[in-house]
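data20.txt follows; it contains compact mmCIF, C-alpha atoms and all ligand atoms.
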```txt
# COMPACT_ATOMS: atom_id res chain seq x y z
CA MET L 1 -12.14 -148.28 187.24
CA SER L 2 -15.89 -148.13 187.38
CA ARG L 3 -17.49 -151.51 186.61
CA ILE L 4 -19.42 -149.72 183.87
CA HIS L 5 -16.28 -149.64 181.71
CA GLN L 6 -15.24 -153.28 182.19
CA ARG L 7 -15.24 -155.34 179.03
CA GLY L 8 -16.32 -158.92 178.43
CA ALA L 9 -14.52 -161.52 176.33
CA ASP L 10 -15.83 -160.02 173.07
CA GLY L 11 -14.45 -156.58 174.03
CA SER L 12 -17.87 -154.97 174.59
CA VAL L 13 -19.07 -153.37 177.82
CA ALA L 14 -22.07 -154.91 179.58
CA ASP L 15 -24.19 -151.73 179.69
CA PRO L 16 -23.42 -149.59 176.61
CA THR L 17 -25.90 -146.85 177.54
CA ALA L 18 -24.38 -146.28 180.99
CA HIS L 19 -20.85 -146.49 179.56
CA ASP L 20 -21.53 -143.93 176.81
CA HIS L 21 -23.27 -141.63 179.29
CA GLU L 22 -20.21 -141.71 181.61
CA VAL L 23 -17.72 -141.22 178.77
CA ARG L 24 -19.65 -138.26 177.35
CA GLY L 25 -19.93 -136.69 180.82
CA MET L 26 -16.21 -137.18 181.47
CA PHE L 27 -15.18 -135.45 178.23
CA SER L 28 -17.70 -132.71 178.86
CA ARG L 29 -16.07 -132.07 182.28
CA ILE L 30 -12.53 -131.87 180.89
CA SER L 31 -13.38 -130.14 177.58
CA GLY L 32 -11.95 -126.80 178.78
CA VAL L 33 -8.53 -128.26 179.70
CA TYR L 34 -8.37 -131.09 177.16
CA ASP L 35 -5.97 -129.50 174.66
CA PHE L 36 -3.65 -128.10 177.31
CA MET L 37 -3.47 -131.44 179.16
CA ASN L 38 -2.92 -133.40 175.95
CA HIS L 39 0.05 -131.34 174.88
CA ALA L 40 1.50 -131.05 178.40
CA MET L 41 1.27 -134.74 179.30
CA SER L 42 2.64 -135.98 175.99
CA PHE L 43 5.36 -133.29 175.82
CA ASP L 44 3.71 -132.20 172.58
CA ARG L 45 4.24 -135.61 170.96
CA ASP L 46 0.49 -135.83 170.28
CA ARG L 47 0.91 -133.21 167.54
CA VAL L 48 3.65 -135.32 165.90
CA TRP L 49 1.50 -138.47 166.09
CA ARG L 50 -1.40 -136.70 164.35
CA ARG L 51 0.95 -135.38 161.66
CA ASN L 52 2.25 -138.94 161.11
CA LEU L 53 -1.31 -140.11 160.60
CA VAL L 54 -2.06 -137.28 158.18
CA ARG L 55 1.01 -138.22 156.10
CA ARG L 56 -0.51 -141.68 155.63
CA LEU L 57 -3.65 -140.28 153.99
CA ASP L 58 -3.78 -140.66 150.20
CA ALA L 59 -2.67 -137.39 148.62
CA ASP L 60 -5.91 -137.12 146.61
CA THR L 61 -8.30 -137.74 149.51
CA GLY L 62 -11.61 -136.03 148.82
CA ALA L 63 -13.91 -136.20 151.85
CA LEU L 64 -12.52 -137.08 155.26
CA LEU L 65 -14.69 -137.96 158.24
CA ASP L 66 -12.90 -137.53 161.58
CA LEU L 67 -14.75 -139.53 164.22
CA CYS L 68 -14.44 -138.81 167.95
CA ALA L 69 -13.06 -135.52 166.69
CA GLY L 70 -13.07 -133.80 170.09
CA THR L 71 -11.68 -130.29 169.71
CA GLY L 72 -10.81 -131.00 166.06
CA ASP L 73 -6.99 -131.30 166.07
CA LEU L 74 -6.85 -134.23 163.66
CA ALA L 75 -9.30 -132.88 161.08
CA LEU L 76 -7.62 -129.46 161.24
CA ALA L 77 -4.15 -131.03 160.81
CA ALA L 78 -5.37 -132.85 157.67
CA LEU L 79 -6.71 -129.60 156.22
CA ARG L 80 -3.56 -127.67 157.16
CA ALA L 81 -1.40 -130.27 155.39
CA ASP L 82 -3.61 -129.87 152.31
CA ARG L 83 -4.15 -133.61 152.34
CA VAL L 84 -7.94 -133.56 151.97
CA ARG L 85 -10.43 -131.49 149.99
CA ILE L 86 -12.98 -131.35 152.78
CA ALA L 87 -13.04 -132.61 156.35
CA PHE L 88 -16.05 -133.31 158.55
CA ALA L 89 -15.94 -133.88 162.29
CA ALA L 90 -18.25 -136.00 164.43
CA ASP L 91 -18.32 -136.46 168.19
CA PHE L 92 -21.04 -137.29 170.70
CA CYS L 93 -19.78 -134.66 173.17
CA VAL L 94 -20.89 -131.22 172.01
CA ASP L 95 -18.81 -129.47 174.71
CA MET L 96 -15.60 -130.92 173.21
CA MET L 97 -16.50 -129.62 169.74
CA SER L 98 -17.47 -126.23 171.19
CA ALA L 99 -14.05 -126.02 172.82
CA GLY L 100 -12.52 -126.49 169.36
CA ARG L 101 -14.42 -123.57 167.89
CA ARG L 102 -11.67 -121.04 168.52
CA LYS L 103 -9.29 -123.19 166.40
CA GLY L 104 -11.64 -123.28 163.42
CA LEU L 105 -13.71 -126.36 164.16
CA ILE L 106 -17.27 -125.76 162.91
CA GLU L 107 -16.17 -122.78 160.75
CA ARG L 108 -13.56 -124.68 158.71
CA VAL L 109 -14.64 -128.20 159.58
CA PRO L 110 -18.40 -128.83 159.61
CA ALA L 111 -19.17 -130.71 162.81
CA LEU L 112 -21.85 -133.22 163.60
CA GLY L 113 -23.04 -134.33 167.03
CA ALA L 114 -23.17 -138.10 166.53
CA ASP L 115 -22.30 -141.43 168.10
CA ALA L 116 -19.61 -143.19 166.06
CA GLN L 117 -21.45 -146.48 166.58
CA ARG L 118 -24.65 -145.14 164.95
CA LEU L 119 -23.75 -142.61 162.30
CA PRO L 120 -26.57 -140.67 160.63
CA LEU L 121 -24.79 -140.92 157.28
CA ARG L 122 -25.45 -142.84 154.09
CA ASP L 123 -23.33 -145.80 152.94
CA ALA L 124 -20.02 -145.24 151.11
CA CYS L 125 -20.15 -141.44 151.45
CA VAL L 126 -16.53 -140.65 152.45
CA ASP L 127 -13.04 -141.40 151.11
CA ALA L 128 -11.31 -141.70 154.47
CA VAL L 129 -12.19 -142.10 158.14
CA THR L 130 -9.81 -141.10 160.93
CA VAL L 131 -10.14 -141.64 164.68
CA GLY L 132 -7.67 -140.07 167.12
CA PHE L 133 -7.76 -141.53 170.63
CA GLY L 134 -11.43 -142.41 170.24
CA VAL L 135 -11.85 -146.12 169.47
CA ARG L 136 -10.72 -147.14 172.99
CA ASN L 137 -13.84 -145.42 174.33
CA TRP L 138 -16.40 -147.19 172.17
CA ALA L 139 -18.80 -149.44 174.04
CA SER L 140 -18.47 -151.90 171.17
CA LEU L 141 -15.36 -151.80 169.01
CA ARG L 142 -17.01 -154.10 166.50
CA LEU L 143 -20.08 -151.86 166.11
CA GLY L 144 -17.92 -148.76 165.64
CA LEU L 145 -15.71 -150.46 163.05
CA GLU L 146 -18.76 -151.75 161.19
CA GLU L 147 -19.94 -148.14 160.92
CA CYS L 148 -16.52 -147.04 159.63
CA ALA L 149 -16.68 -149.76 156.95
CA ARG L 150 -20.25 -148.81 156.05
CA VAL L 151 -19.61 -145.10 155.47
CA LEU L 152 -16.30 -145.65 153.63
CA ARG L 153 -16.29 -146.08 149.86
CA PRO L 154 -14.56 -149.24 148.60
CA GLY L 155 -10.82 -148.58 148.60
CA GLY L 156 -11.22 -145.89 151.27
CA GLN L 157 -8.78 -145.61 154.18
CA LEU L 158 -9.37 -146.04 157.90
CA LEU L 159 -6.56 -144.58 160.03
CA VAL L 160 -6.60 -144.79 163.81
CA LEU L 161 -4.30 -143.44 166.51
CA ASP L 162 -4.65 -144.74 170.03
CA PHE L 163 -3.06 -146.11 173.18
CA PHE L 164 -3.27 -149.89 172.95
CA ARG L 165 -2.65 -152.66 175.47
CA ASP L 166 0.96 -153.82 175.37
CA ASP L 167 1.58 -157.25 173.91
CA PRO L 168 4.62 -158.82 175.67
CA GLY L 169 5.14 -161.21 172.74
CA ALA L 170 5.03 -158.55 170.03
CA SER L 171 7.99 -157.50 167.94
CA GLY L 172 8.76 -154.81 165.37
CA GLU L 173 6.22 -152.01 165.00
CA SER L 174 3.74 -153.75 167.32
CA ARG L 175 6.08 -153.55 170.34
CA GLY L 176 4.76 -151.74 173.40
CA LYS L 177 6.32 -149.30 175.83
CA PRO L 178 9.38 -149.81 178.03
CA ALA L 179 8.71 -150.26 181.79
CA PRO L 180 9.47 -146.65 182.91
CA LEU L 181 6.70 -145.41 180.66
CA HIS L 182 4.23 -147.65 182.50
CA TRP L 183 5.11 -145.74 185.66
CA TRP L 184 4.51 -142.46 183.81
CA LEU L 185 1.08 -143.55 182.60
CA ASP L 186 -0.01 -145.33 185.79
CA ARG L 187 1.19 -142.74 188.31
CA ALA L 188 2.22 -139.45 186.78
CA VAL L 189 -0.67 -139.01 184.33
CA PRO L 190 -3.50 -139.44 186.91
CA ALA L 191 -1.59 -137.21 189.37
CA ALA L 192 -1.13 -134.53 186.71
CA GLY L 193 -4.82 -134.92 185.84
CA ARG L 194 -5.71 -134.19 189.46
CA LEU L 195 -3.35 -131.25 189.84
CA LEU L 196 -3.67 -129.52 186.48
CA GLY L 197 -6.93 -130.82 185.08
CA ARG L 198 -8.64 -131.11 188.51
CA ASP L 199 -10.03 -134.50 187.45
CA ARG L 200 -7.99 -137.51 188.55
CA ALA L 201 -10.72 -139.99 187.53
CA ALA L 202 -10.70 -138.89 183.89
CA TYR L 203 -6.94 -139.35 183.60
CA ALA L 204 -6.93 -142.61 185.55
CA TYR L 205 -9.56 -143.80 183.05
CA LEU L 206 -7.08 -143.11 180.23
CA THR L 207 -4.53 -145.63 181.50
CA GLU L 208 -7.06 -148.15 182.81
CA SER L 209 -9.01 -148.21 179.56
CA MET L 210 -5.75 -148.78 177.69
CA GLU L 211 -4.95 -151.85 179.81
CA ARG L 212 -8.37 -153.29 179.02
CA PHE L 213 -8.17 -152.52 175.31
CA VAL L 214 -6.96 -154.74 172.46
CA THR L 215 -3.31 -154.94 171.38
CA PRO L 216 -2.27 -153.28 168.07
CA ASP L 217 -2.10 -156.72 166.41
CA GLY L 218 -5.49 -157.65 167.89
CA PHE L 219 -6.93 -154.48 166.38
CA VAL L 220 -5.61 -155.10 162.87
CA ALA L 221 -6.77 -158.75 163.06
CA LEU L 222 -10.27 -157.38 163.67
CA LEU L 223 -9.86 -154.99 160.72
CA SER L 224 -8.89 -157.90 158.43
CA GLU L 225 -11.89 -159.88 159.66
CA MET L 226 -14.11 -156.91 158.72
CA GLY L 227 -12.86 -156.65 155.17
CA PHE L 228 -9.95 -154.22 155.46
CA ALA L 229 -6.79 -154.96 153.46
CA ASP L 230 -3.28 -153.41 153.43
CA THR L 231 -3.39 -153.16 157.22
CA LEU L 232 -0.60 -151.26 158.94
CA VAL L 233 0.81 -150.86 162.45
CA GLU L 234 3.24 -148.02 163.14
CA ARG L 235 4.79 -147.50 166.55
CA GLN L 236 4.78 -143.90 167.84
CA THR L 237 7.40 -142.60 170.30
CA MET L 238 8.74 -145.76 171.96
CA GLY L 239 5.41 -147.55 171.62
CA ILE L 240 3.40 -145.11 173.77
CA ALA L 241 0.82 -144.88 170.99
CA HIS L 242 0.28 -146.78 167.74
CA LEU L 243 -1.03 -145.76 164.37
CA VAL L 244 -3.08 -148.58 162.86
CA GLY L 245 -5.29 -148.80 159.82
CA GLY L 246 -6.27 -150.39 156.58
CA ARG L 247 -8.08 -149.92 153.33
CA LEU L 248 -11.61 -151.16 152.68
CA ALA L 249 -11.30 -153.98 150.15
C1 LIG X 1 -9.53 -138.51 173.82
S1 LIG X 1 -10.69 -137.55 172.91
C2 LIG X 1 -9.92 -137.43 171.32
C3 LIG X 1 -10.18 -136.13 170.59
C4 LIG X 1 -9.40 -135.92 169.30
N1 LIG X 1 -9.72 -136.92 168.32
C5 LIG X 1 -7.91 -135.85 169.50
O1 LIG X 1 -7.17 -136.41 168.67
O2 LIG X 1 -7.47 -135.22 170.46
C6 LIG X 1 -11.95 -138.75 172.62
C7 LIG X 1 -13.21 -138.17 172.03
O3 LIG X 1 -14.03 -139.25 171.59
C8 LIG X 1 -15.39 -138.91 171.83
N2 LIG X 1 -16.16 -140.17 171.86
C9 LIG X 1 -15.99 -141.23 172.67
N3 LIG X 1 -16.87 -142.20 172.36
C10 LIG X 1 -17.59 -141.74 171.31
C11 LIG X 1 -18.63 -142.31 170.53
N4 LIG X 1 -19.13 -143.51 170.78
N5 LIG X 1 -19.14 -141.56 169.51
C12 LIG X 1 -18.65 -140.31 169.25
N6 LIG X 1 -17.68 -139.73 169.97
C13 LIG X 1 -17.15 -140.44 170.98
C14 LIG X 1 -15.35 -138.16 173.15
O4 LIG X 1 -16.48 -137.35 173.33
C15 LIG X 1 -14.05 -137.34 172.99
O5 LIG X 1 -14.30 -136.08 172.43
```

Step by step, read the file and then write its structure as structure tokens.
Amino acid sequence: MSRIHQRGADGSVADPTAHDHEVRGMFSRISGVYDFMNHAMSFDRDRVWRRNLVRRLDADTGALLDLCAGTGDLALAALRADRVRIAFAADFCVDMMSAGRRKGLIERVPALGADAQRLPLRDACVDAVTVGFGVRNWASLRLGLEECARVLRPGGQLLVLDFFRDDPGASGESRGKPAPLHWWLDRAVPAAGRLLGRDRAAYAYLTESMERFVTPDGFVALLSEMGFADTLVERQTMGIAHLVGGRLA
């Protein structure tokens, strides 16, 4: 992995500008194949994981902000399930959002080109924030979560889906993946990225960034520290991904 993405003890990268520039460029490169690769490499489980997240949203959710929205699958799933009155999308890679246009992103979900760590939004303006496979890419997890807390109204929900670092000591819902799945992520995913997506580096980044990320329990500990209550961890498909979240106290 490029040194640009390596994280220090506090979980932040040393050069956030270079990191963000690389991440944006990488998603821009794969924007045309992103959806296809996602569904193919997860055997369509990614759709189930997003639906599980949507089911956790309060039934009367008014305004939802989907950060790192990419091609819009999470925001569109929330609208389809009739779980939210209105959904907004934000992402700092315009090419990803453009690729979502054919599915209704922009037309059905107003989209904003913005960095999740510096949102051009006023305080307490949304009822829920969701992030699907985005937080692992933030240069500073703390900065991004502070922004989530700032734009959420008190009592609002933050729900996050991502691939977390396995915690060998964890039990219950925090448990990680069995060993054969490590082989799948370490070997098969980058190889498939090279063959089908023509970008091995982008798919190697996926697994490497996961190994350098926090554990599910580490993530919810940070949420508690930042004023979130009712935190949850829910294992998805043998611990490949986790759904984590909380409610702003
Ligand atoms: C793996 S994709 C996830 C897309 C979508 N949420 C999904 O569920 O498929 C990650 C997205 O996060 C965006 N992203 C990464 N860091 C970001 C940041 N700091 N601010 C805004 N968007 C960011 C990338 O541009 C990319 O579109």

Residues within 10 Å of L:Ser98, please, as a PDB file with C-alpha atoms, in the frame of the given file. Count only C-alpha atoms; anything in the same chain fewer than 2 positions from it doesn't count.
```
ATOM      1  CA  SER L  31     -13.380-130.140 177.580  1.00  0.00           C
ATOM      2  CA  GLY L  32     -11.950-126.800 178.780  1.00  0.00           C
ATOM      3  CA  GLY L  70     -13.070-133.800 170.090  1.00  0.00           C
ATOM      4  CA  THR L  71     -11.680-130.290 169.710  1.00  0.00           C
ATOM      5  CA  GLY L  72     -10.810-131.000 166.060  1.00  0.00           C
ATOM      6  CA  CYS L  93     -19.780-134.660 173.170  1.00  0.00           C
ATOM      7  CA  VAL L  94     -20.890-131.220 172.010  1.00  0.00           C
ATOM      8  CA  ASP L  95     -18.810-129.470 174.710  1.00  0.00           C
ATOM      9  CA  MET L  96     -15.600-130.920 173.210  1.00  0.00           C
ATOM     10  CA  GLY L 100     -12.520-126.490 169.360  1.00  0.00           C
ATOM     11  CA  ARG L 101     -14.420-123.570 167.890  1.00  0.00           C
ATOM     12  CA  ARG L 102     -11.670-121.040 168.520  1.00  0.00           C
ATOM     13  CA  LYS L 103      -9.290-123.190 166.400  1.00  0.00           C
ATOM     14  CA  LEU L 105     -13.710-126.360 164.160  1.00  0.00           C
ATOM     15  CA  ILE L 106     -17.270-125.760 162.910  1.00  0.00           C
ATOM     16  CA  ALA L 111     -19.170-130.710 162.810  1.00  0.00           C
TER      17      ALA L 111
END
```

Closest to ligand LIG 1 (chain X) among L:Trp138, L:Phe219, L:Trp49, L:Phe88, using only C-alpha atoms and all ligand atoms? L:Trp138

Within 10 Å of stretch 229-242 of chain L, counting only C-alpha atoms, which residues show up once you throw out same-chain ones fewer than 3 positions away? Write them as a count of residues only, please. 44

As a quick test: using all atoms listed in the file, which residues lie no more than 6 Å away from ligand LIG 1 (chain X)? Give them as a list of chain:residue names. L:Arg24, L:Phe27, L:Cys68, L:Ala69, L:Gly70, L:Asp73, L:Leu74, L:Asp91, L:Phe92, L:Cys93, L:Met96, L:Ala114, L:Asp115, L:Ala116, L:Gln117, L:Val131, L:Gly132, L:Phe133, L:Gly134, L:Asn137, L:Trp138

Straight-line distance linking atom CA of L:Ala124 with atom CA of L:Ala78, stated in Å to one decimal: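 Result for atom CA of L:Ala124 versus atom CA of L:Ala78: 20.3 Å, one decimal.
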